[in-house]
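Data first, discussion second: the structure below is written as structure tokens.
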Amino acid sequence: MYRYDEFDAEFVHQRVAQFRDQVARRLTGELTEDEFKPLRLMNGVYLQLHAYMLRIAIPYGTLNSRQLRKLAHIARTYDRGTGHFTTRQNLQFNWPKLADIPDILGELATVEMHAIQTSGNCIRNVTADHFAGATAEEVADPRPYAEIIRQWSSLHPEFSFLPRKFKVAVTAASRDRAAIRVHDIGLELKRLATGALGFAVFVGGGQGRTPIIAKRIRDDLPEADLLSYLEAVLRIYNLHGRRDNKFKARIKILVHEIGAAAFSAQVEEEWQRIRDSALRLPEDEIRRIQAYFTPPAFEPQPSKAYLRPPERSFERWVTRNTHTHKQPGYAIVTISLKPIGGVPGDASAEQMDAIADLAQQYSFDEVRVSHEQNLVLPHVRIEDLRRVYAGLQAVGLGEANAGLVTDIIACPGLDYCALANARSIPIAQRISARLAARQDAIGDLRIKISGCINACGHHHVGHIGILGVEKRGEEHYQLLLGGSGAEDAALATITGPGFDPDGIVDAVAKVVDTYLSLRASANETFLAAYGRLGPAPFKEALYAAA
Amino acid sequence: MSKAPTVCVLTANRLRDGTVVFLDFEGAWSETLVEGLVARSPDEVRALRDRGSYDAIRSIVVDPYLIEVHETLSGLLPIRYRERVRATGPSVLDDVPGYREPAAGQRQGLQERLAYASPPREPQPVEGPQMHGMPGVGNPDLGATHDAHAEAA
């Protein structure tokens, strides 16, 4: 993985020293909150419902064991023993004291981590397919390009005060695990007609209060032109994006209002002007960054697995939580952070330490964070799977539910977030407990829950989406069906009147029961059945008796 | 201009650690709502608001604001659900069937499980059906070509 160079290290340490001074001046009153707030946000420090929150960037979701152990140490020393992995492949601590945060950032700097650009109207943490560099489905590892974008966008002077925040996602597989079509810019690394690597570029996707699927504005961007083209897109957005209305300031609104063709034409004109500038990526620089992502030294493995004696729980886990690796004899392992009835995305310090141990011993020291709020061991020998499974079970992380109905995405919601209108976590816990016994029979079904219209829980692209709102001071939940954040991206539609906290759990169960009773076969997924049946039978089940 | 609430309490976050605090009837910032100082008239509301602004300027608290409350026999109850959660802390459920609170000291258990789980020294290649009852597994080397997520959206 990428290692800091001298510039990176010096810069991050300087930033920690600056913030230490800023916090000290805030605590003595030398800085007012109005003066301090933009400074703390630039360092990932929010004031949430109950306490400060520190959001730490995990570029393209890649961690090593040393970094994960550091996060565990911080959770144990400065927080309440838990970290929360988010849908942005970041990690949030929900209880840090302001006075401790400079020390936390200092600790992070020792393992090449920081919280810079995890807030504010800038280019945020670049996300990527969490199976990158391991899956047989990709044309190449997309992470070197994500790293190039990270370096280009870090403290970019022209793009530090955009109309609104800006999110970039990268994948190199036709199966989209990075949700690139609901990002401001989505990049699909692909083989061009020439046989060379290049990109399909999607622009103007996003969720929030105005969900829009991104438009493909270029299908053949050469590798060397990546940064010049991104710069052109950002320039057009920076120039024409609205600054008069926060709710209409994202690039998706601009692309929607002027049309993808007009937007693309403006980008093209700007791009032609700067294409042959210093932004053209030199071949040797691409290869230099790629060298940081050289595949591990895989060893030849037997072509068949050694998994006896069979054990039902292990079999279930292998079925659900392992995935095809590009290297014969190896598997990708999804570590579910969704224990039945647990808090989606939470990991205790002990669990993080245990995963770090397993990564070091069995996965070439690599861990990934998925936008689905799970962790991934990308390179595990098949013959080590039983040991990995046992290690995960020992710390309560052996749930065999990746992609099942209990593998729920949920934002922190009203339990932590100052913006939320309703709770997400307890709803997820109750749905998980309610449907756990039937999850294998139900099959692939993604439930995504947001506690407010900002849609951090991706409810717009859930097969079943839940949106929490406030109604006369109380929590109320809207139910949405039929969304997808994958390559068949689609926005879910609201079923009808909403539900109270008890009612929404019953409503989800009714939707699942309806699906099970009407699916053509056990192989017809919920999304396929919904596409065939439409919303009518689900609405009837939900509202007919009312 | 929004109408000022007539029965309300002053709340804020403590600057140093972000803890939720309420101004109590002794004029101190308390971590519980129980002894919150209730304003029942426009003048009392104004006094609370001024006190919040003053303590924010003195860098004792951050973001002071008023919350509407009901005065019940069992104590003060915020009217908005948001404020009830804020006053009592996260409502994360700890009694959901199947939920296990991650406990400290489990790493030793991990090592024990790792030792226990070691495969036999001379494992036998799996022949025929790799695992009974499995509809398919993620890795072709495990005996099937079906990825667990192949049928997902």
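Residue numbering restarts at 1 for every chain of the structure tokens, chains are lettered A, B, ... in their displayed order, and ligands are numbered from 1 as they appear.
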Chain A residues within 6 Å of chain B, counting only C-alpha atoms: which ones, as number ranges by chain? A: 29, 50-52, 97-99, 303-306, 319-320, 322-324, 340-342, 387, 390-391, 394, 415, 426, 444, 473-474
Going by DSSP on the backbone, which residues of segment 115-242 of chain A come out as strand (DSSP E or B)? List them as a compact mmCIF listing (two decimals) with N, CA and C atoms, in the first residue's frame.
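Below is the file out-v7.txt, written as the result:
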```
# COMPACT_ATOMS: atom_id res chain seq x y z
N ILE A 123 -12.73 18.23 -1.77
CA ILE A 123 -12.78 16.86 -2.29
C ILE A 123 -12.49 15.92 -1.12
N THR A 127 -13.01 7.02 -2.40
CA THR A 127 -13.40 5.65 -2.05
C THR A 127 -13.20 4.73 -3.26
N ALA A 128 -13.15 3.43 -2.98
CA ALA A 128 -12.88 2.47 -4.06
C ALA A 128 -13.54 1.13 -3.73
N THR A 135 -10.00 -9.01 -6.46
CA THR A 135 -11.07 -9.67 -7.20
C THR A 135 -10.65 -10.04 -8.62
N GLU A 138 -11.78 -7.54 -11.87
CA GLU A 138 -11.28 -6.22 -12.26
C GLU A 138 -10.26 -6.31 -13.40
N PHE A 166 -17.45 17.24 -2.17
CA PHE A 166 -17.30 16.56 -3.45
C PHE A 166 -16.70 15.18 -3.23
N VAL A 168 -15.55 11.35 -4.76
CA VAL A 168 -15.11 10.59 -5.93
C VAL A 168 -14.99 9.11 -5.54
N ALA A 169 -15.51 8.23 -6.39
CA ALA A 169 -15.41 6.79 -6.15
C ALA A 169 -14.84 6.12 -7.40
N VAL A 170 -14.04 5.08 -7.18
CA VAL A 170 -13.34 4.42 -8.28
C VAL A 170 -13.55 2.91 -8.19
N THR A 171 -13.80 2.31 -9.34
CA THR A 171 -13.84 0.85 -9.42
C THR A 171 -13.14 0.41 -10.70
N ALA A 173 -14.09 -2.87 -11.83
CA ALA A 173 -14.86 -4.08 -12.14
C ALA A 173 -16.21 -3.67 -12.71
N ILE A 185 -18.38 12.25 -8.76
CA ILE A 185 -17.70 11.66 -9.91
C ILE A 185 -17.50 10.19 -9.61
N GLY A 186 -17.89 9.37 -10.56
CA GLY A 186 -17.61 7.94 -10.47
C GLY A 186 -16.71 7.55 -11.62
N LEU A 187 -15.69 6.77 -11.33
CA LEU A 187 -14.74 6.36 -12.37
C LEU A 187 -14.72 4.84 -12.47
N GLU A 188 -14.88 4.37 -13.70
CA GLU A 188 -14.74 2.93 -13.92
C GLU A 188 -13.51 2.70 -14.79
N LEU A 189 -12.49 2.10 -14.18
CA LEU A 189 -11.28 1.76 -14.94
C LEU A 189 -11.62 0.59 -15.87
N LYS A 190 -11.24 0.71 -17.14
CA LYS A 190 -11.64 -0.30 -18.11
C LYS A 190 -10.60 -0.40 -19.22
N ARG A 191 -10.76 -1.40 -20.06
CA ARG A 191 -9.93 -1.50 -21.26
C ARG A 191 -10.59 -0.70 -22.36
N LEU A 197 -5.46 0.96 -20.84
CA LEU A 197 -6.36 1.26 -19.72
C LEU A 197 -6.88 2.69 -19.83
N GLY A 198 -8.10 2.88 -19.45
CA GLY A 198 -8.70 4.21 -19.44
C GLY A 198 -9.93 4.19 -18.55
N PHE A 199 -10.73 5.23 -18.66
CA PHE A 199 -11.85 5.38 -17.73
C PHE A 199 -13.16 5.71 -18.42
N ALA A 200 -14.24 5.15 -17.89
CA ALA A 200 -15.57 5.71 -18.11
C ALA A 200 -15.81 6.69 -16.97
N VAL A 201 -16.32 7.86 -17.29
CA VAL A 201 -16.50 8.90 -16.29
C VAL A 201 -17.99 9.19 -16.09
N PHE A 202 -18.43 9.03 -14.86
CA PHE A 202 -19.82 9.33 -14.50
C PHE A 202 -19.81 10.59 -13.64
N VAL A 203 -20.71 11.51 -13.90
CA VAL A 203 -20.73 12.78 -13.17
C VAL A 203 -22.15 13.11 -12.72
N GLY A 206 -25.64 11.29 -6.86
CA GLY A 206 -25.64 11.61 -5.43
C GLY A 206 -26.97 11.27 -4.81
N ILE A 212 -29.99 11.54 -7.45
CA ILE A 212 -29.86 11.51 -8.91
C ILE A 212 -28.81 10.45 -9.27
N LYS A 215 -24.59 10.69 -14.67
CA LYS A 215 -24.59 10.56 -16.13
C LYS A 215 -23.19 10.19 -16.61
N ARG A 216 -23.15 9.29 -17.55
CA ARG A 216 -21.87 8.92 -18.15
C ARG A 216 -21.52 10.00 -19.17
N ILE A 217 -20.48 10.79 -18.93
CA ILE A 217 -20.15 11.86 -19.87
C ILE A 217 -18.91 11.55 -20.71
N ARG A 218 -18.23 10.50 -20.38
CA ARG A 218 -17.11 10.08 -21.23
C ARG A 218 -16.86 8.60 -21.01
N ASP A 219 -16.56 7.90 -22.09
CA ASP A 219 -16.42 6.47 -21.99
C ASP A 219 -15.02 6.00 -22.36
N ASP A 220 -14.16 6.94 -22.73
CA ASP A 220 -12.87 6.53 -23.29
C ASP A 220 -11.75 7.48 -22.85
N LEU A 221 -11.75 7.82 -21.59
CA LEU A 221 -10.72 8.75 -21.10
C LEU A 221 -9.39 8.02 -20.95
N PRO A 222 -8.37 8.45 -21.66
CA PRO A 222 -7.07 7.78 -21.52
C PRO A 222 -6.51 7.96 -20.11
```
What lies within 6 Å of Val182 of chain A using only C-alpha atoms, ignoring chain neighbours under 3 positions off, as a PyMOL selection string? chain A and resi 179+205-206+213
Extract the full set of alpha helix (DSSP H) residues from segment 258-374 of chain A according to DSSP on the backbone, and format it as a PyMOL selection string. chain A and resi 258+260-274+283-291+312-321+349-362
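Straight-line separation from atom CA of Leu10 of chain B to atom CA of Glu31 of chain B: 12.0 Å.
Comparing the minimum interatomic distances between Asp43 of chain B and each of B:Cys8, B:Asp55, B:Leu73, B:Arg84, counting only C-alpha atoms, we find that B:Cys8 sits nearest.
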Between atom CA of Lys165 of chain A and atom CA of Ala249 of chain A lies a distance of 8.9 Å
